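Visitor: I am attaching a structure below and will ask some questions about it afterwards.
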Amino acid sequence: MRAKLLSGAGGFVLLMLLLGVFAYLLTDLPKPSEQATNQASSIRYADGSEIGRVGTANRKLVPLSEVSDPAQKAVLAAEDRGFYSEPGISPRGIFRALVANLKGGGVQQGGSTITQQYAKNAYLSQQRTFSRKIKEFFISLKLAHKLSKEQILEDYLNTIYFGRGASGIEVASETYFNLPAKRLNVAQAAVLAASIRSPAGYDPARHSTRAKERWNYVLNGMVKKGWLSQSERASLTYPKVLAPGEGGSKANDRSGPNGFVLDQVEEELAKHGFTEDRLAAGGYVVQTTIRRKAQEAAIEAMKKLPDPKPDDKGAVQGALVAVKPGSGEVYAYYGGRNGNRGFDYASSGKGVQPGSSFKPFTLATALDQGIGLGTTVDGSSPQTIGGQEVHNDDGDPPLGQVDLVKATALSVNTAYYNLAKRVGPSAIAELAHRAGIPEGDVLAEEGGKPSLGITLGIYRVHVIDQAAAYATFANHGQAAKPFFVKSVRDRDKNTVYAAKQVNSKAFSADVAADATYAMQQVVNNGTGTRAALNGRPAAGKTGTTSENRNAWFCGFTPQLAAAVWVGRGDGSPLKGVLGSSRGIYGGTVPAEIWKSFMDASLEGEPVVDFPPRANVGTNATVGSPASFSPAPTTSSSPSALPTQLPSALPSQPVLPPPASEPPPSNPPPSNPPASNPPPSSAPSPAPS
């Protein structure tokens, strides 16, 4: 019996070997010029019209001798350190692919050798199937047998995709450094090698921290292989990389605001397995959530900002993002004037301080804890609260006790600081996270816990996250994760990806209704009257940081939420802009931009009312930071607003709190500019 089993096992192994040999012999090795025809992918609006395309046949073939030795070594250090000493296949990678296929999860694992990568890129489709992995295996075997290592590396370097529309190392070198590949030094070569794994994800213009980490990984790999000495490694600094569009390659031109939309779509698709090189050759049709009408309205509204002078790092910048409440679909996305400039002010970098536009999360936290809108809070100024001296706007108007509706409408810093003391800054951060502000944004910069300054917006956020979080108020307390891609179809019109909506409860519908009621008063007769819409209700909040470095207006109707930010590219104050001595406030230019955008986007849409006030919680008195006792219910309608707007902030140990807006009765210039934190090289502006 044992002999029969051994005989059967031996026969099976022999059969598999014979099948393997047979498959190898039948595997054709086409010429690289016969590779599958590259076809750019079409990125489209929700209505099917085209926004732009990803991918072109932008390639210059060069012999290996025309690629610098540091560039060759850097690519090997990044992708296949054993290239010259090991086989051209990775049995471990094949095994992982088999396991993934058997589990039904598709082939997602990487770990392919350079030979396998070249086989996939030059001869096979971008389909992630186990059968394709097997074909890749046999083509790689034949390549390794028939071609020298030098020829394989040369072909690989000429076909691999480096991002920004650049296929092949010669065009990539021109695109990123305006140099031929033969002149790349070690530091520059490591930048290109670092991008291969994920060209969009490691582009230094968009993800500088991530790109530098991968750059260090490449250089450390070169040291381990003996291709770079430790002393040479220690002397290297990250090189200057051209901004997108400045280099020799113009194939993937993304000038104009829509360039940032294409960037966001690419990044989202990469998370679902559609890498940039796959899109560049796959001929996919990508339907986005972007509405043409809303996008055009955003671009038009942002024209209120003055055009910058050439090379003006302090130019006024702006960003606008609109999200559909309930679904999370991004309807409009404006990250800046020129997608080719690289820095996306709506989502790149660490974000900027939101100022008083963060106060609604404190209000919702209070309502969530059972503190009603009729609660009165000490709004006198100045006050020392939690060890900080807190002020309202200049002039320190004698407000005294104010209810939460008036405190919101007038953006009273002292009242909100007292309220934050009562509900706790950690609770505010937790609710903001649930509403849609990522945990990395509401970040305490001292001791791991947020300070009371969170209520005045001292922690940085991104415009897209503010838009999504305000949409939570419009959607009765249900948060929806924002997204750009609805579906992807391949060139045969098969749907290969469909978005799945992600929703979660942030707070109750009653809390949302009462917070919305208070924010309606901001627009009706508070700091944001310039945001009042034509013939439909609106709710929102203004925000201005110290020295007028950042100005915000965030708001919503039941159908659409949008956030607008204005600042300077270098983070300097907005004072003196367009003749304004006081600078830009959230209630001026950002509110005007928001109104212009919303009126145009919602034109022709039915007018929908907000739900009525729910009167959640118990009214009380917060007379000082330590007191909280029940009080008689007071009217929640704010009384006439003072002529002075409350808004100067207390000094913070780490970041000074932001200031509130000037009164609607004292408007700044009609066309004020906006500015955001500078790209990676400039520090983020501090709020006040």
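Residues are referred to by chain and number: the chain letter is A, B, ... according to the order shown in the structure tokens, the number counts from 1 in that chain, and ligands are numbered separately from 1 in the order shown.
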Just the strand (DSSP E) stuff from region 293-439 of chain A, please, per backbone DSSP, written as a list in words.
Guide: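 Going through region 293-439 of chain A, the strand (DSSP E) residues come out as Val316, Gln317, Gly318, Ala319, Leu320, Val321, Ala322, Val323, Val330, Tyr331, Ala332, Tyr333, Tyr334, Thr376, Val377, Asp378, Gln383, Thr384, Ile385, Gln388, Glu389, Val390, Gln401, Val402 and Asp403 of chain A.
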Visitor: Those same residues, written as a compact mmCIF listing (two decimals), in the first residue's frame with N, CA and C atoms?
Guide:
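Full text of out28.txt as output:
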# COMPACT_ATOMS: atom_id res chain seq x y z
N VAL A 316 -2.91 85.47 -2.08
CA VAL A 316 -4.13 84.99 -1.45
C VAL A 316 -4.60 83.73 -2.17
N GLN A 317 -4.89 82.70 -1.38
CA GLN A 317 -5.34 81.42 -1.91
C GLN A 317 -6.71 81.09 -1.33
N GLY A 318 -7.36 80.10 -1.89
CA GLY A 318 -8.66 79.70 -1.38
C GLY A 318 -8.98 78.26 -1.71
N ALA A 319 -9.89 77.69 -0.97
CA ALA A 319 -10.34 76.32 -1.22
C ALA A 319 -11.82 76.22 -0.90
N LEU A 320 -12.50 75.34 -1.63
CA LEU A 320 -13.94 75.12 -1.43
C LEU A 320 -14.24 73.66 -1.71
N VAL A 321 -14.96 73.03 -0.80
CA VAL A 321 -15.41 71.65 -1.01
C VAL A 321 -16.88 71.57 -0.64
N ALA A 322 -17.66 70.89 -1.48
CA ALA A 322 -19.09 70.70 -1.22
C ALA A 322 -19.40 69.21 -1.18
N VAL A 323 -20.19 68.80 -0.19
CA VAL A 323 -20.52 67.39 0.03
C VAL A 323 -22.02 67.24 0.16
N VAL A 330 -18.81 63.90 -3.00
CA VAL A 330 -18.21 65.22 -3.16
C VAL A 330 -18.75 65.82 -4.46
N TYR A 331 -19.52 66.87 -4.33
CA TYR A 331 -20.15 67.50 -5.50
C TYR A 331 -19.24 68.51 -6.18
N ALA A 332 -18.40 69.20 -5.39
CA ALA A 332 -17.49 70.20 -5.95
C ALA A 332 -16.21 70.18 -5.14
N TYR A 333 -15.09 70.42 -5.84
CA TYR A 333 -13.80 70.38 -5.16
C TYR A 333 -12.87 71.39 -5.81
N TYR A 334 -12.50 72.39 -5.03
CA TYR A 334 -11.58 73.43 -5.50
C TYR A 334 -10.43 73.49 -4.51
N THR A 376 -27.63 79.78 29.73
CA THR A 376 -26.91 81.04 29.65
C THR A 376 -25.47 80.85 30.12
N VAL A 377 -24.57 81.55 29.43
CA VAL A 377 -23.15 81.41 29.70
C VAL A 377 -22.55 82.79 29.84
N ASP A 378 -21.53 82.90 30.67
CA ASP A 378 -20.88 84.19 30.90
C ASP A 378 -20.10 84.59 29.66
N GLN A 383 -11.90 87.46 30.31
CA GLN A 383 -12.01 86.53 31.43
C GLN A 383 -10.76 85.66 31.46
N THR A 384 -10.44 85.18 32.65
CA THR A 384 -9.38 84.18 32.77
C THR A 384 -10.06 82.84 33.00
N ILE A 385 -9.91 81.95 32.03
CA ILE A 385 -10.60 80.65 32.06
C ILE A 385 -9.57 79.55 31.84
N GLN A 388 -6.13 80.76 31.12
CA GLN A 388 -5.91 81.57 29.93
C GLN A 388 -6.77 82.82 29.97
N GLU A 389 -6.20 83.94 29.53
CA GLU A 389 -6.99 85.15 29.41
C GLU A 389 -7.67 85.14 28.05
N VAL A 390 -9.01 85.19 28.06
CA VAL A 390 -9.79 85.08 26.84
C VAL A 390 -10.52 86.40 26.60
N GLN A 401 -24.26 87.71 30.48
CA GLN A 401 -24.80 86.36 30.27
C GLN A 401 -25.52 86.30 28.91
N VAL A 402 -25.20 85.31 28.12
CA VAL A 402 -25.87 85.12 26.83
C VAL A 402 -26.29 83.67 26.71
N ASP A 403 -27.40 83.41 26.03
CA ASP A 403 -27.78 82.02 25.82
C ASP A 403 -26.94 81.44 24.67
Visitor: According to DSSP computed on the backbone, where in region 126-287 of chain A is there alpha helix (DSSP H)? Give the residues as an MDAnalysis selection string.
Guide: chainID A and resid 130:146 149:159 169:177 186:195 208:224 230:235 258:271 276:282
Visitor: For each of A:Thr455, A:Asn475, A:Thr529, A:Ser380, take the minimum atom-to-atom distance to Ala409 (chain A), counting only C-alpha atoms, then give the residue where this is smallest.
Guide: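 Nearest to Ala409 (chain A): A:Thr529.
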Visitor: Under the rule that only C-alpha atoms are counted, which of A:Glu232, A:Glu79, A:Asp155, A:Glu86 is the nearest residue to Tyr118 (chain A)?
Guide: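 Smallest separation from Tyr118 (chain A) among the options: A:Asp155.
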